[in-house]
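Notes to accompany the following structure.
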Amino acid sequence: GFNANAGYGGGASYGNAGGGYAAPSYGQSYGGAPSSGGVPPASSYGAPAAQDAYGSQYGAYGGTAPDNYQMGGGDKDEGKKGGKKSIAVQALNQNVLMWAGFFTASLFVYFMLSGGDFSFLMTYGAMARMFGFGILNLKTFKSQRATGVSVKTLQLYVLVFFFRLTSIIRHEGYLPYDKSGDWLYHLIEGMSLFFTAAALYACMGPFKHTYQADLDRFGEHVVPPGMGAVWLAGPILLVAILVHPNLNADFLSDTAWTYAMYLESAALIPQLFMFQKQTSGVVELLTAHFVAALGFGRIMEFFFWIYSYHELANASGSRLPGYLALFAQFVQLVLMLDFFWYYYLAVKNATPLVLPSHNGMGIV
């Protein structure tokens with residue numbers, strides 16, 4: 001193991017053009033008949049769109065903000081302020097409760113189930129990943145939509161957790177030296193695999209009609225549609241076979257753990273790529289929390305490996321596997337820098353997360 005409200009001025013229009021709810025101006029009525037003032041109605045109450053739930057239309061916790069979302073009318077600024085304020089308070093409360101719950105659980109685990117060793121950072125990183133995929137399942141099953149989620153990223157993470165488990169169940173070389181490495185780390189990784197597989201099933205099964213395959217197109221060159229992840233999984237497997245540490249003194253076990261480590265550093269690339277392809281640039285808040293939790297977990301593990309990479313030596317004593325593992329994690333964090341900044345602004349202001357548009361794939 002390791003040691004180391006809208007006003008009455010002109011009406012606010014919500015939703016897509018030609019449908020949804022239109023708030024009437026002063027003197028207008030809902031039914032299409034003139035009001036007492038004799039003024040012909042300018043708007044009427046129309047049948048709401050299929051997705052009439054507020055959260056489903058505005059991207060707040062389980063829905064996607066429509067591309068043409070806008071507010072119109074004479075007092076639109078006042079209305080926007082009132083509406084934003086109420087939405088912001090609700091969103092902020094959910095943000096605080098969700099993350100507060102995670103950090104409370106973290107303290108419990110640290111003081112009750114951990115020995116306080118530095119290697120607990122590995123367990124903490126694993127907890128953050130499990131928390132992230134728990135958020136994703138909440139988002140998917142509660143809204144019954146798979147919008148904004150990259151199936152390719154889920155496919156890669158299934159491989160990550162599967163191969164890591166095949167190594168740590170059989171051997172102890174890559175387990176945290178901390179007491180949490182006795183059984184808790186295994187449980188967390190197993191739950192992460194279950195959550196990831198459940199989210200993948202939801203996206204490809206009952207909610208497949210909401211999956212945005214036209215946006216999730218990373219790597220779809222030469223290979224059949226939906227198989228773009230192979231351009232990451234294949235080459236990384238080859239690298240893991242050629243360059244891996246030897247802590248378990250078992251080729252299959254060492255390669256499996258190394259493959260999971262390298263692959264995890266690239267697994268979020270299809271999701272970040274999908275964010276860029278969204279024309280509105282708006283990312284659903286729960287999806288943003290999911291990605292942020294994975295990034296937080298990677299930061300925790302990166303801190304650990306900064307001080308422990310030297311233990312990842314191969315059979316001949318070379319530290320190349322350690323250097324490569326550290327480099328791979330660093331590259332992942334660099335790719336997420338923009339995301340982290342806009343996520344911070346969204347949480348701070350309790351607003352939807354809006355990413356800028358970029359011409360290249362690279363950083364979000």
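By order of appearance in the structure tokens: chains A, B, ..., then residues from 1 within every chain, and ligands from 1 in the order shown.
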
Identify, on the basis of only C-alpha atoms, every residue whose closest approach to Pro176 in chain A does not exceed 12 Å; exclude the query and any residue fewer than 3 positions from it along the same chain; express the result as an MDAnalysis selection string.
chainID A and resid 1:4 114:126 168 171:173 179:186 301 304:305 308

Write the residues of the selection above to a file with N, CA, C and O atoms, as a CSV table (one decimal), in the first residue's frame.
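Contents of the output file out.csv:
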```csv
chain,number,residue,atom,x,y,z
A,1,GLY,N,0.8,-1.2,0.0
A,1,GLY,CA,0.0,0.0,0.0
A,1,GLY,C,0.9,1.2,0.0
A,1,GLY,O,2.1,1.2,0.2
A,2,PHE,N,0.2,2.4,-0.1
A,2,PHE,CA,1.0,3.6,-0.2
A,2,PHE,C,1.1,4.3,1.2
A,2,PHE,O,0.2,4.2,2.0
A,3,ASN,N,2.2,4.9,1.4
A,3,ASN,CA,2.4,5.6,2.7
A,3,ASN,C,2.1,7.1,2.6
A,3,ASN,O,1.9,7.7,3.6
A,4,ALA,N,2.7,7.3,1.6
A,4,ALA,CA,2.6,8.7,1.4
A,4,ALA,C,1.1,9.3,1.2
A,4,ALA,O,0.2,8.5,1.1
A,114,SER,N,-11.4,6.2,8.7
A,114,SER,CA,-10.0,6.4,8.2
A,114,SER,C,-9.0,6.5,9.3
A,114,SER,O,-9.3,6.8,10.4
A,115,GLY,N,-7.8,6.1,9.0
A,115,GLY,CA,-6.7,6.3,9.9
A,115,GLY,C,-6.0,7.6,9.9
A,115,GLY,O,-5.1,7.8,10.6
A,116,GLY,N,-6.5,8.5,9.0
A,116,GLY,CA,-5.9,9.8,8.9
A,116,GLY,C,-4.6,9.9,8.1
A,116,GLY,O,-3.9,10.9,8.1
A,117,ASP,N,-4.3,8.8,7.4
A,117,ASP,CA,-3.0,8.7,6.6
A,117,ASP,C,-3.2,9.6,5.4
A,117,ASP,O,-4.3,9.8,4.9
A,118,PHE,N,-2.1,10.1,4.9
A,118,PHE,CA,-2.1,10.9,3.7
A,118,PHE,C,-2.7,10.2,2.5
A,118,PHE,O,-3.3,10.9,1.6
A,119,SER,N,-2.6,9.0,2.4
A,119,SER,CA,-3.2,8.2,1.3
A,119,SER,C,-4.7,8.2,1.3
A,119,SER,O,-5.3,7.7,0.3
A,120,PHE,N,-5.3,8.8,2.4
A,120,PHE,CA,-6.8,8.9,2.4
A,120,PHE,C,-7.2,9.8,1.2
A,120,PHE,O,-8.4,9.7,0.8
A,121,LEU,N,-6.3,10.6,0.7
A,121,LEU,CA,-6.7,11.4,-0.5
A,121,LEU,C,-7.1,10.5,-1.7
A,121,LEU,O,-8.0,11.0,-2.5
A,122,MET,N,-6.6,9.3,-1.8
A,122,MET,CA,-7.1,8.4,-2.8
A,122,MET,C,-8.5,8.0,-2.6
A,122,MET,O,-9.3,8.0,-3.5
A,123,THR,N,-8.8,7.7,-1.4
A,123,THR,CA,-10.2,7.4,-1.0
A,123,THR,C,-11.1,8.5,-1.2
A,123,THR,O,-12.3,8.4,-1.7
A,124,TYR,N,-10.7,9.7,-0.8
A,124,TYR,CA,-11.5,10.9,-0.9
A,124,TYR,C,-11.8,11.2,-2.4
A,124,TYR,O,-12.9,11.6,-2.8
A,125,GLY,N,-10.8,11.1,-3.3
A,125,GLY,CA,-11.0,11.2,-4.7
A,125,GLY,C,-12.0,10.3,-5.2
A,125,GLY,O,-12.8,10.6,-6.1
A,126,ALA,N,-11.9,9.0,-4.8
A,126,ALA,CA,-12.9,8.0,-5.2
A,126,ALA,C,-14.3,8.4,-4.7
A,126,ALA,O,-15.3,8.2,-5.4
A,168,ILE,N,-7.6,-4.2,-7.8
A,168,ILE,CA,-7.5,-4.0,-6.4
A,168,ILE,C,-8.2,-5.1,-5.6
A,168,ILE,O,-8.0,-5.3,-4.4
A,171,HIS,N,-5.2,-7.9,-5.7
A,171,HIS,CA,-4.0,-7.5,-5.1
A,171,HIS,C,-4.1,-6.2,-4.3
A,171,HIS,O,-5.0,-5.5,-4.4
A,172,GLU,N,-3.1,-6.0,-3.4
A,172,GLU,CA,-3.1,-4.8,-2.5
A,172,GLU,C,-2.1,-3.7,-2.9
A,172,GLU,O,-2.0,-2.7,-2.2
A,173,GLY,N,-1.3,-3.9,-3.9
A,173,GLY,CA,-0.3,-3.0,-4.3
A,173,GLY,C,-0.7,-1.5,-4.5
A,173,GLY,O,0.1,-0.6,-4.2
A,179,LYS,N,-6.4,3.2,6.5
A,179,LYS,CA,-7.3,2.1,7.0
A,179,LYS,C,-8.5,2.0,6.0
A,179,LYS,O,-9.1,0.9,5.9
A,180,SER,N,-8.9,3.1,5.3
A,180,SER,CA,-10.0,3.1,4.4
A,180,SER,C,-9.7,2.1,3.2
A,180,SER,O,-10.6,1.7,2.5
A,181,GLY,N,-8.4,1.8,3.0
A,181,GLY,CA,-8.1,0.9,1.9
A,181,GLY,C,-8.4,-0.6,2.2
A,181,GLY,O,-8.2,-1.4,1.4
A,182,ASP,N,-8.7,-0.9,3.5
A,182,ASP,CA,-9.0,-2.3,3.9
A,182,ASP,C,-10.3,-2.8,3.1
A,182,ASP,O,-10.3,-3.9,2.7
A,183,TRP,N,-11.3,-2.0,3.1
A,183,TRP,CA,-12.6,-2.4,2.5
A,183,TRP,C,-13.4,-1.3,1.9
A,183,TRP,O,-14.1,-1.4,0.9
A,184,LEU,N,-13.3,0.0,2.5
A,184,LEU,CA,-14.1,1.1,2.0
A,184,LEU,C,-13.8,1.5,0.6
A,184,LEU,O,-14.7,1.8,-0.2
A,185,TYR,N,-12.5,1.5,0.3
A,185,TYR,CA,-12.1,1.9,-1.1
A,185,TYR,C,-12.7,1.0,-2.1
A,185,TYR,O,-13.2,1.4,-3.2
A,186,HIS,N,-12.7,-0.3,-1.8
A,186,HIS,CA,-13.3,-1.3,-2.7
A,186,HIS,C,-14.8,-1.0,-2.9
A,186,HIS,O,-15.4,-1.1,-4.0
A,301,GLU,N,-6.7,13.3,-6.1
A,301,GLU,CA,-5.7,12.3,-6.4
A,301,GLU,C,-4.4,12.9,-6.9
A,301,GLU,O,-3.3,12.3,-6.7
A,304,PHE,N,-2.2,13.7,-4.2
A,304,PHE,CA,-1.5,12.6,-3.6
A,304,PHE,C,-0.3,12.1,-4.5
A,304,PHE,O,0.8,11.8,-4.0
A,305,TRP,N,-0.6,12.0,-5.8
A,305,TRP,CA,0.5,11.5,-6.7
A,305,TRP,C,1.7,12.5,-6.8
A,305,TRP,O,2.8,12.0,-7.2
A,308,SER,N,3.8,11.0,-4.4
A,308,SER,CA,3.9,9.5,-4.4
A,308,SER,C,4.2,8.9,-5.7
A,308,SER,O,4.3,7.7,-5.8
```

Residues near Ala325 in chain A, cut-off 8 Å, only C-alpha atoms, skip fewer than 4 positions along chain, as a ChimeraX atom specification
/A:261-262,309,321,329

What separates CA of Thr153 in chain A and CA of Pro270 in chain A is a distance of 5.6 Å

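In this model, the gap between CA of Ser316 in chain A and CA of Tyr259 in chain A comes to 19.4 Å.
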
Which distance in Å separates CA of Phe327 in chain A and CA of Glu264 in chain A, to one decimal?
12.5 Å

Looking at only C-alpha atoms, which of A:Leu252, A:Val239, A:Ile306, A:Ala128 is the one that sits closest to Val291 in chain A?
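Closest to Val291 in chain A, using only C-alpha atoms: A:Ala128.
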
Of the listed residues A:Ser192, A:Thr279, A:Thr166, A:Asn349, that which approaches Met130 in chain A most closely, counting only C-alpha atoms:
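Of A:Ser192, A:Thr279, A:Thr166, A:Asn349, the one nearest Met130 in chain A is A:Ser192, counting only C-alpha atoms.
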
Contacts between range 133-147 of chain A and range 202-293 of chain A, please, where a residue of range 202-293 of chain A counts if it comes within 9 Å (with only C-alpha atoms); show its shortest atom pair and distance in Å to one decimal, rows by chain and ascending number, as CSV.
```
residue,atom,partner,partner_atom,distance
A:Ala202,CA,A:Thr140,CA,7.1
A:Cys203,CA,A:Ala146,CA,5.3
A:Met204,CA,A:Ala146,CA,8.7
A:Pro206,CA,A:Gln144,CA,8.2
A:Phe207,CA,A:Arg145,CA,5.7
A:Lys208,CA,A:Ala146,CA,7.0
A:His209,CA,A:Ala146,CA,8.2
A:Thr210,CA,A:Ala146,CA,5.4
A:Tyr211,CA,A:Ala146,CA,4.9
A:Gln212,CA,A:Thr147,CA,5.9
A:Glu284,CA,A:Thr147,CA,8.7
A:Leu286,CA,A:Lys139,CA,6.0
A:Thr287,CA,A:Leu136,CA,6.4
A:His289,CA,A:Ile135,CA,7.2
A:Phe290,CA,A:Ile135,CA,5.7
A:Val291,CA,A:Phe133,CA,8.8
A:Ala293,CA,A:Phe133,CA,8.4
```

Quick one: of A:Lys277, A:His244, A:His221, A:Lys348, who's nearest to Leu324 in chain A, counting only C-alpha atoms?
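Of A:Lys277, A:His244, A:His221, A:Lys348, the one nearest Leu324 in chain A, counting only C-alpha atoms, is A:His244.
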
Can you pull out every residue within 9 Å of Glu189 in chain A, counting only C-alpha atoms, but drop anything in the same chain fewer than 5 positions away, and send it as a PyMOL selection string?
chain A and resi 126-127+129-130+161-162+164-165+184+194
